[in-house]
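S.K.: The structure that follows is given in the form of structure tokens.
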Amino acid sequence: MEEDLMHDIKCVLIDKEQIRKKCEELGKKISSDYCGKKPLFVCVLKGSVMFYADLLRNINIDCELEFMAISSYGTGKSSSGEVKVVKDLNTKVEGRDIIIVEDIVDTGITLMYLVNLLKCRGASSVEICALLDKIERREREVYPKYKGFVIPNEFVVGYGLDFNEKYRNLPEVCILNS
Ligand code: 5GP
């Protein structure tokens, strides 16, 4: 890893092997739960992109892929609390079984907004698959059906997650120095 990128990293929280195994496990479970249903997997850009790509390689049923971008954080480490769709889906969700693939659930404000939006548009079902869950920070009743790891209340970067657009390309989930 580049010295420059590792400079502000306190430690690795979740390594490549743990991520690989978790994607395999979640992919197997989702493939079995949705067998015969052709779900639509919605990637929430940009933070979920690595997890989405690795998870989808472990899905072995017929499915479709879509991308959406939501802004809630602006820049920095704390949420603005204001959620807006920056890039919308290119397909109708009416009657579809949706699985939202998210990097991390923190307060739950973003996902609550997204789940309600997709339900309002007529989706048959909306479930969440989140790699990370900062459960102690939750402010909304949002509980992912599929989740990778419960993590402590620390700001994490890497494996798609950023701090001011930096560190997304680190292959592991790392804790940033405070
Ligand atoms: P929520 O609406 O649940 O508070 O926030 C969800 C979004 O906040 C995530 O999709 C992610 O973009 C951002 N976020 C929350 N916690 C962290 C964190 O520890 N690190 C990074 N890089 N982003 C976070």
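All residue names refer to the structure tokens as shown: chains lettered A, B, ... in order, residues numbered from 1 in each chain, ligands numbered from 1 in order.
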Which residues are near ligand 1 - at most 7 Å, using only C-alpha atoms and all ligand atoms? Format: as a VMD selection string.

M.R.: chain A and resid 47 72 to 73 77 79 102 to 111 154 to 157 161 to 163

S.K.: Write out as a PyMOL selection string each polymer residue whose atoms come within 9 Å of Leu131 (chain A), counting only C-alpha atoms; drop sequence neighbours fewer than 3 positions from it.

M.R.: chain A and resi 19+22-23+48+51+101-105+146-150

S.K.: Please, which residues of region 48-119 of chain A, numbered as in this document, come out strand (DSSP E) from DSSP, as a short mmCIF file (atom, residue, chain, number, x, y, z; two decimals) with N, CA, C and O atoms, in the first residue's frame?

M.R.:
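Once everything was written out, this is selection-v7.cif:
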data_model
loop_
_atom_site.label_atom_id
_atom_site.label_comp_id
_atom_site.auth_asym_id
_atom_site.auth_seq_id
_atom_site.Cartn_x
_atom_site.Cartn_y
_atom_site.Cartn_z
N GLU A 64 -30.93 -8.38 -11.88
CA GLU A 64 -30.55 -7.19 -12.64
C GLU A 64 -29.81 -6.22 -11.73
O GLU A 64 -30.00 -6.23 -10.51
N LEU A 65 -28.98 -5.38 -12.36
CA LEU A 65 -28.14 -4.44 -11.61
C LEU A 65 -28.52 -3.00 -11.94
O LEU A 65 -28.75 -2.69 -13.11
N GLU A 66 -28.58 -2.16 -10.93
CA GLU A 66 -28.88 -0.73 -11.13
C GLU A 66 -28.03 0.11 -10.17
O GLU A 66 -27.58 -0.40 -9.15
N PHE A 67 -27.91 1.38 -10.51
CA PHE A 67 -27.06 2.28 -9.72
C PHE A 67 -27.80 3.56 -9.35
O PHE A 67 -28.59 4.06 -10.14
N MET A 68 -27.52 4.03 -8.15
CA MET A 68 -28.16 5.24 -7.68
C MET A 68 -27.14 6.02 -6.86
O MET A 68 -26.27 5.41 -6.23
N ALA A 69 -27.22 7.33 -6.87
CA ALA A 69 -26.34 8.11 -5.99
C ALA A 69 -27.19 9.02 -5.12
O ALA A 69 -28.10 9.69 -5.60
N ILE A 70 -26.90 8.98 -3.84
CA ILE A 70 -27.62 9.75 -2.84
C ILE A 70 -26.62 10.64 -2.14
O ILE A 70 -25.52 10.19 -1.83
N SER A 71 -26.98 11.87 -1.86
CA SER A 71 -26.04 12.66 -1.06
C SER A 71 -26.66 12.95 0.30
O SER A 71 -27.81 13.32 0.41
N LYS A 84 -30.63 13.71 -0.64
CA LYS A 84 -31.17 13.97 -1.98
C LYS A 84 -30.63 12.98 -3.00
O LYS A 84 -29.52 12.48 -2.86
N VAL A 85 -31.47 12.69 -4.01
CA VAL A 85 -31.05 11.78 -5.07
C VAL A 85 -30.22 12.56 -6.07
O VAL A 85 -30.68 13.52 -6.66
N VAL A 86 -28.97 12.13 -6.23
CA VAL A 86 -28.06 12.82 -7.14
C VAL A 86 -28.05 12.13 -8.51
O VAL A 86 -27.93 12.76 -9.55
N LYS A 87 -28.19 10.80 -8.47
CA LYS A 87 -28.33 10.04 -9.73
C LYS A 87 -29.43 9.01 -9.51
O LYS A 87 -29.35 8.20 -8.59
N ASP A 97 -38.65 -6.93 -6.81
CA ASP A 97 -38.04 -7.22 -5.51
C ASP A 97 -36.67 -6.56 -5.51
O ASP A 97 -35.80 -6.93 -6.30
N ILE A 98 -36.51 -5.59 -4.61
CA ILE A 98 -35.29 -4.78 -4.60
C ILE A 98 -34.38 -5.17 -3.44
O ILE A 98 -34.85 -5.36 -2.31
N ILE A 99 -33.10 -5.22 -3.72
CA ILE A 99 -32.11 -5.35 -2.65
C ILE A 99 -31.16 -4.15 -2.78
O ILE A 99 -30.45 -4.01 -3.78
N ILE A 100 -31.22 -3.28 -1.79
CA ILE A 100 -30.32 -2.12 -1.78
C ILE A 100 -28.99 -2.57 -1.21
O ILE A 100 -28.94 -3.15 -0.12
N VAL A 101 -27.92 -2.32 -1.95
CA VAL A 101 -26.59 -2.70 -1.47
C VAL A 101 -25.88 -1.43 -1.00
O VAL A 101 -25.63 -0.51 -1.79
N GLU A 102 -25.60 -1.39 0.30
CA GLU A 102 -25.06 -0.17 0.92
C GLU A 102 -23.75 -0.49 1.62
O GLU A 102 -23.54 -1.59 2.11
N ASP A 103 -22.85 0.50 1.66
CA ASP A 103 -21.58 0.29 2.33
C ASP A 103 -21.73 0.23 3.84
O ASP A 103 -21.26 -0.68 4.50
N ILE A 104 -22.43 1.25 4.40
CA ILE A 104 -22.51 1.33 5.86
C ILE A 104 -23.83 1.98 6.28
O ILE A 104 -24.31 2.90 5.63
N VAL A 105 -24.41 1.45 7.34
CA VAL A 105 -25.58 2.10 7.95
C VAL A 105 -25.10 2.77 9.23
O VAL A 105 -24.55 2.11 10.11
#

S.K.: Could you tell me which of A:Leu55, A:Ser178, A:Lys29, A:Cys120 comes closest to Cys43 (chain A) if we count only C-alpha atoms?

M.R.: A:Leu55

S.K.: Which residues come within 8 Å of Cys11 (chain A), counting only C-alpha atoms, excluding same-chain residues fewer than 5 positions away, as an mmCIF file with all heavy atoms, in the first residue's frame?

M.R.:
data_model
loop_
_atom_site.group_PDB
_atom_site.id
_atom_site.type_symbol
_atom_site.label_atom_id
_atom_site.label_comp_id
_atom_site.auth_asym_id
_atom_site.auth_seq_id
_atom_site.Cartn_x
_atom_site.Cartn_y
_atom_site.Cartn_z
ATOM 1 N N CYS A 174 -10.548 0.349 6.988
ATOM 2 C CA CYS A 174 -9.575 0.861 7.964
ATOM 3 C C CYS A 174 -10.184 1.945 8.849
ATOM 4 O O CYS A 174 -11.112 2.643 8.440
ATOM 5 C CB CYS A 174 -8.386 1.479 7.228
ATOM 6 S SG CYS A 174 -7.576 0.366 6.082
ATOM 7 N N ILE A 175 -9.619 2.086 10.039
ATOM 8 C CA ILE A 175 -10.035 3.171 10.932
ATOM 9 C C ILE A 175 -9.105 4.354 10.687
ATOM 10 O O ILE A 175 -7.877 4.207 10.693
ATOM 11 C CB ILE A 175 -9.998 2.751 12.412
ATOM 12 C CG1 ILE A 175 -11.020 1.620 12.637
ATOM 13 C CG2 ILE A 175 -10.320 3.943 13.320
ATOM 14 C CD1 ILE A 175 -11.099 1.137 14.073
ATOM 15 N N LEU A 176 -9.736 5.499 10.470
ATOM 16 C CA LEU A 176 -8.975 6.726 10.210
ATOM 17 C C LEU A 176 -8.574 7.347 11.552
ATOM 18 O O LEU A 176 -9.346 7.304 12.507
ATOM 19 C CB LEU A 176 -9.896 7.690 9.444
ATOM 20 C CG LEU A 176 -9.268 8.835 8.667
ATOM 21 C CD1 LEU A 176 -8.298 8.336 7.597
ATOM 22 C CD2 LEU A 176 -10.369 9.683 8.032
#

S.K.: How far is it from CA of Asp4 (chain A) to CA of Gly160 (chain A), in Å with one decimal?

M.R.: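 Value for the CA of Asp4 (chain A)-CA of Gly160 (chain A) distance: 17.4 Å.
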
S.K.: Name all residues at most 12 Å from region 33-35 of chain A (count only C-alpha atoms; drop same-chain ones fewer than 5 positions away) and give them as a ChimeraX atom specification.

M.R.: /A:26-28,40-41,59-63,96-99,125,127,145-146

S.K.: Just write the chosen residues, C-alpha atoms, as a short mmCIF file (atom, residue, chain, number, x, y, z; two decimals), in the first residue's frame.

M.R.:
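Below is the file selection-v3.cif, written as the result:
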data_model
loop_
_atom_site.label_atom_id
_atom_site.label_comp_id
_atom_site.auth_asym_id
_atom_site.auth_seq_id
_atom_site.Cartn_x
_atom_site.Cartn_y
_atom_site.Cartn_z
CA LEU A 26 -24.03 -13.23 1.91
CA GLY A 27 -24.12 -14.14 -1.80
CA LYS A 28 -25.08 -17.71 -0.97
CA LEU A 40 -32.99 -5.90 -8.75
CA PHE A 41 -29.76 -5.05 -6.93
CA ILE A 59 -24.95 -14.24 -6.66
CA ASN A 60 -25.80 -17.24 -8.83
CA ILE A 61 -29.45 -16.54 -9.71
CA ASP A 62 -31.03 -14.43 -12.46
CA CYS A 63 -30.96 -10.76 -11.39
CA ARG A 96 -39.84 -5.59 -8.41
CA ASP A 97 -38.04 -7.22 -5.51
CA ILE A 98 -35.29 -4.78 -4.60
CA ILE A 99 -32.11 -5.35 -2.65
CA SER A 125 -40.30 -5.70 -1.60
CA GLU A 127 -34.49 -5.24 1.60
CA LYS A 145 -31.88 -8.08 6.47
CA TYR A 146 -28.37 -8.94 5.28
#

S.K.: Select, from A:Gly158, A:Val49, A:Glu139, A:Val42, the residue with the minimum atom-to-atom distance to Lys92 (chain A), counting only C-alpha atoms.

M.R.: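 Smallest separation from Lys92 (chain A) among the options: A:Val42.
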
S.K.: Please extract the residues of chain A with a backbone DSSP assignment of helix (DSSP H, G or I) and present them as a PyMOL selection string.

M.R.: chain A and resi 3-6+16-33+49-56+109-120+135-137

S.K.: In Å to one decimal, how far is CA of Ser31 (chain A) from CA of Gly122 (chain A)?

M.R.: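 Answer for the CA of Gly122 (chain A) to CA of Ser31 (chain A) separation: 22.9 Å.
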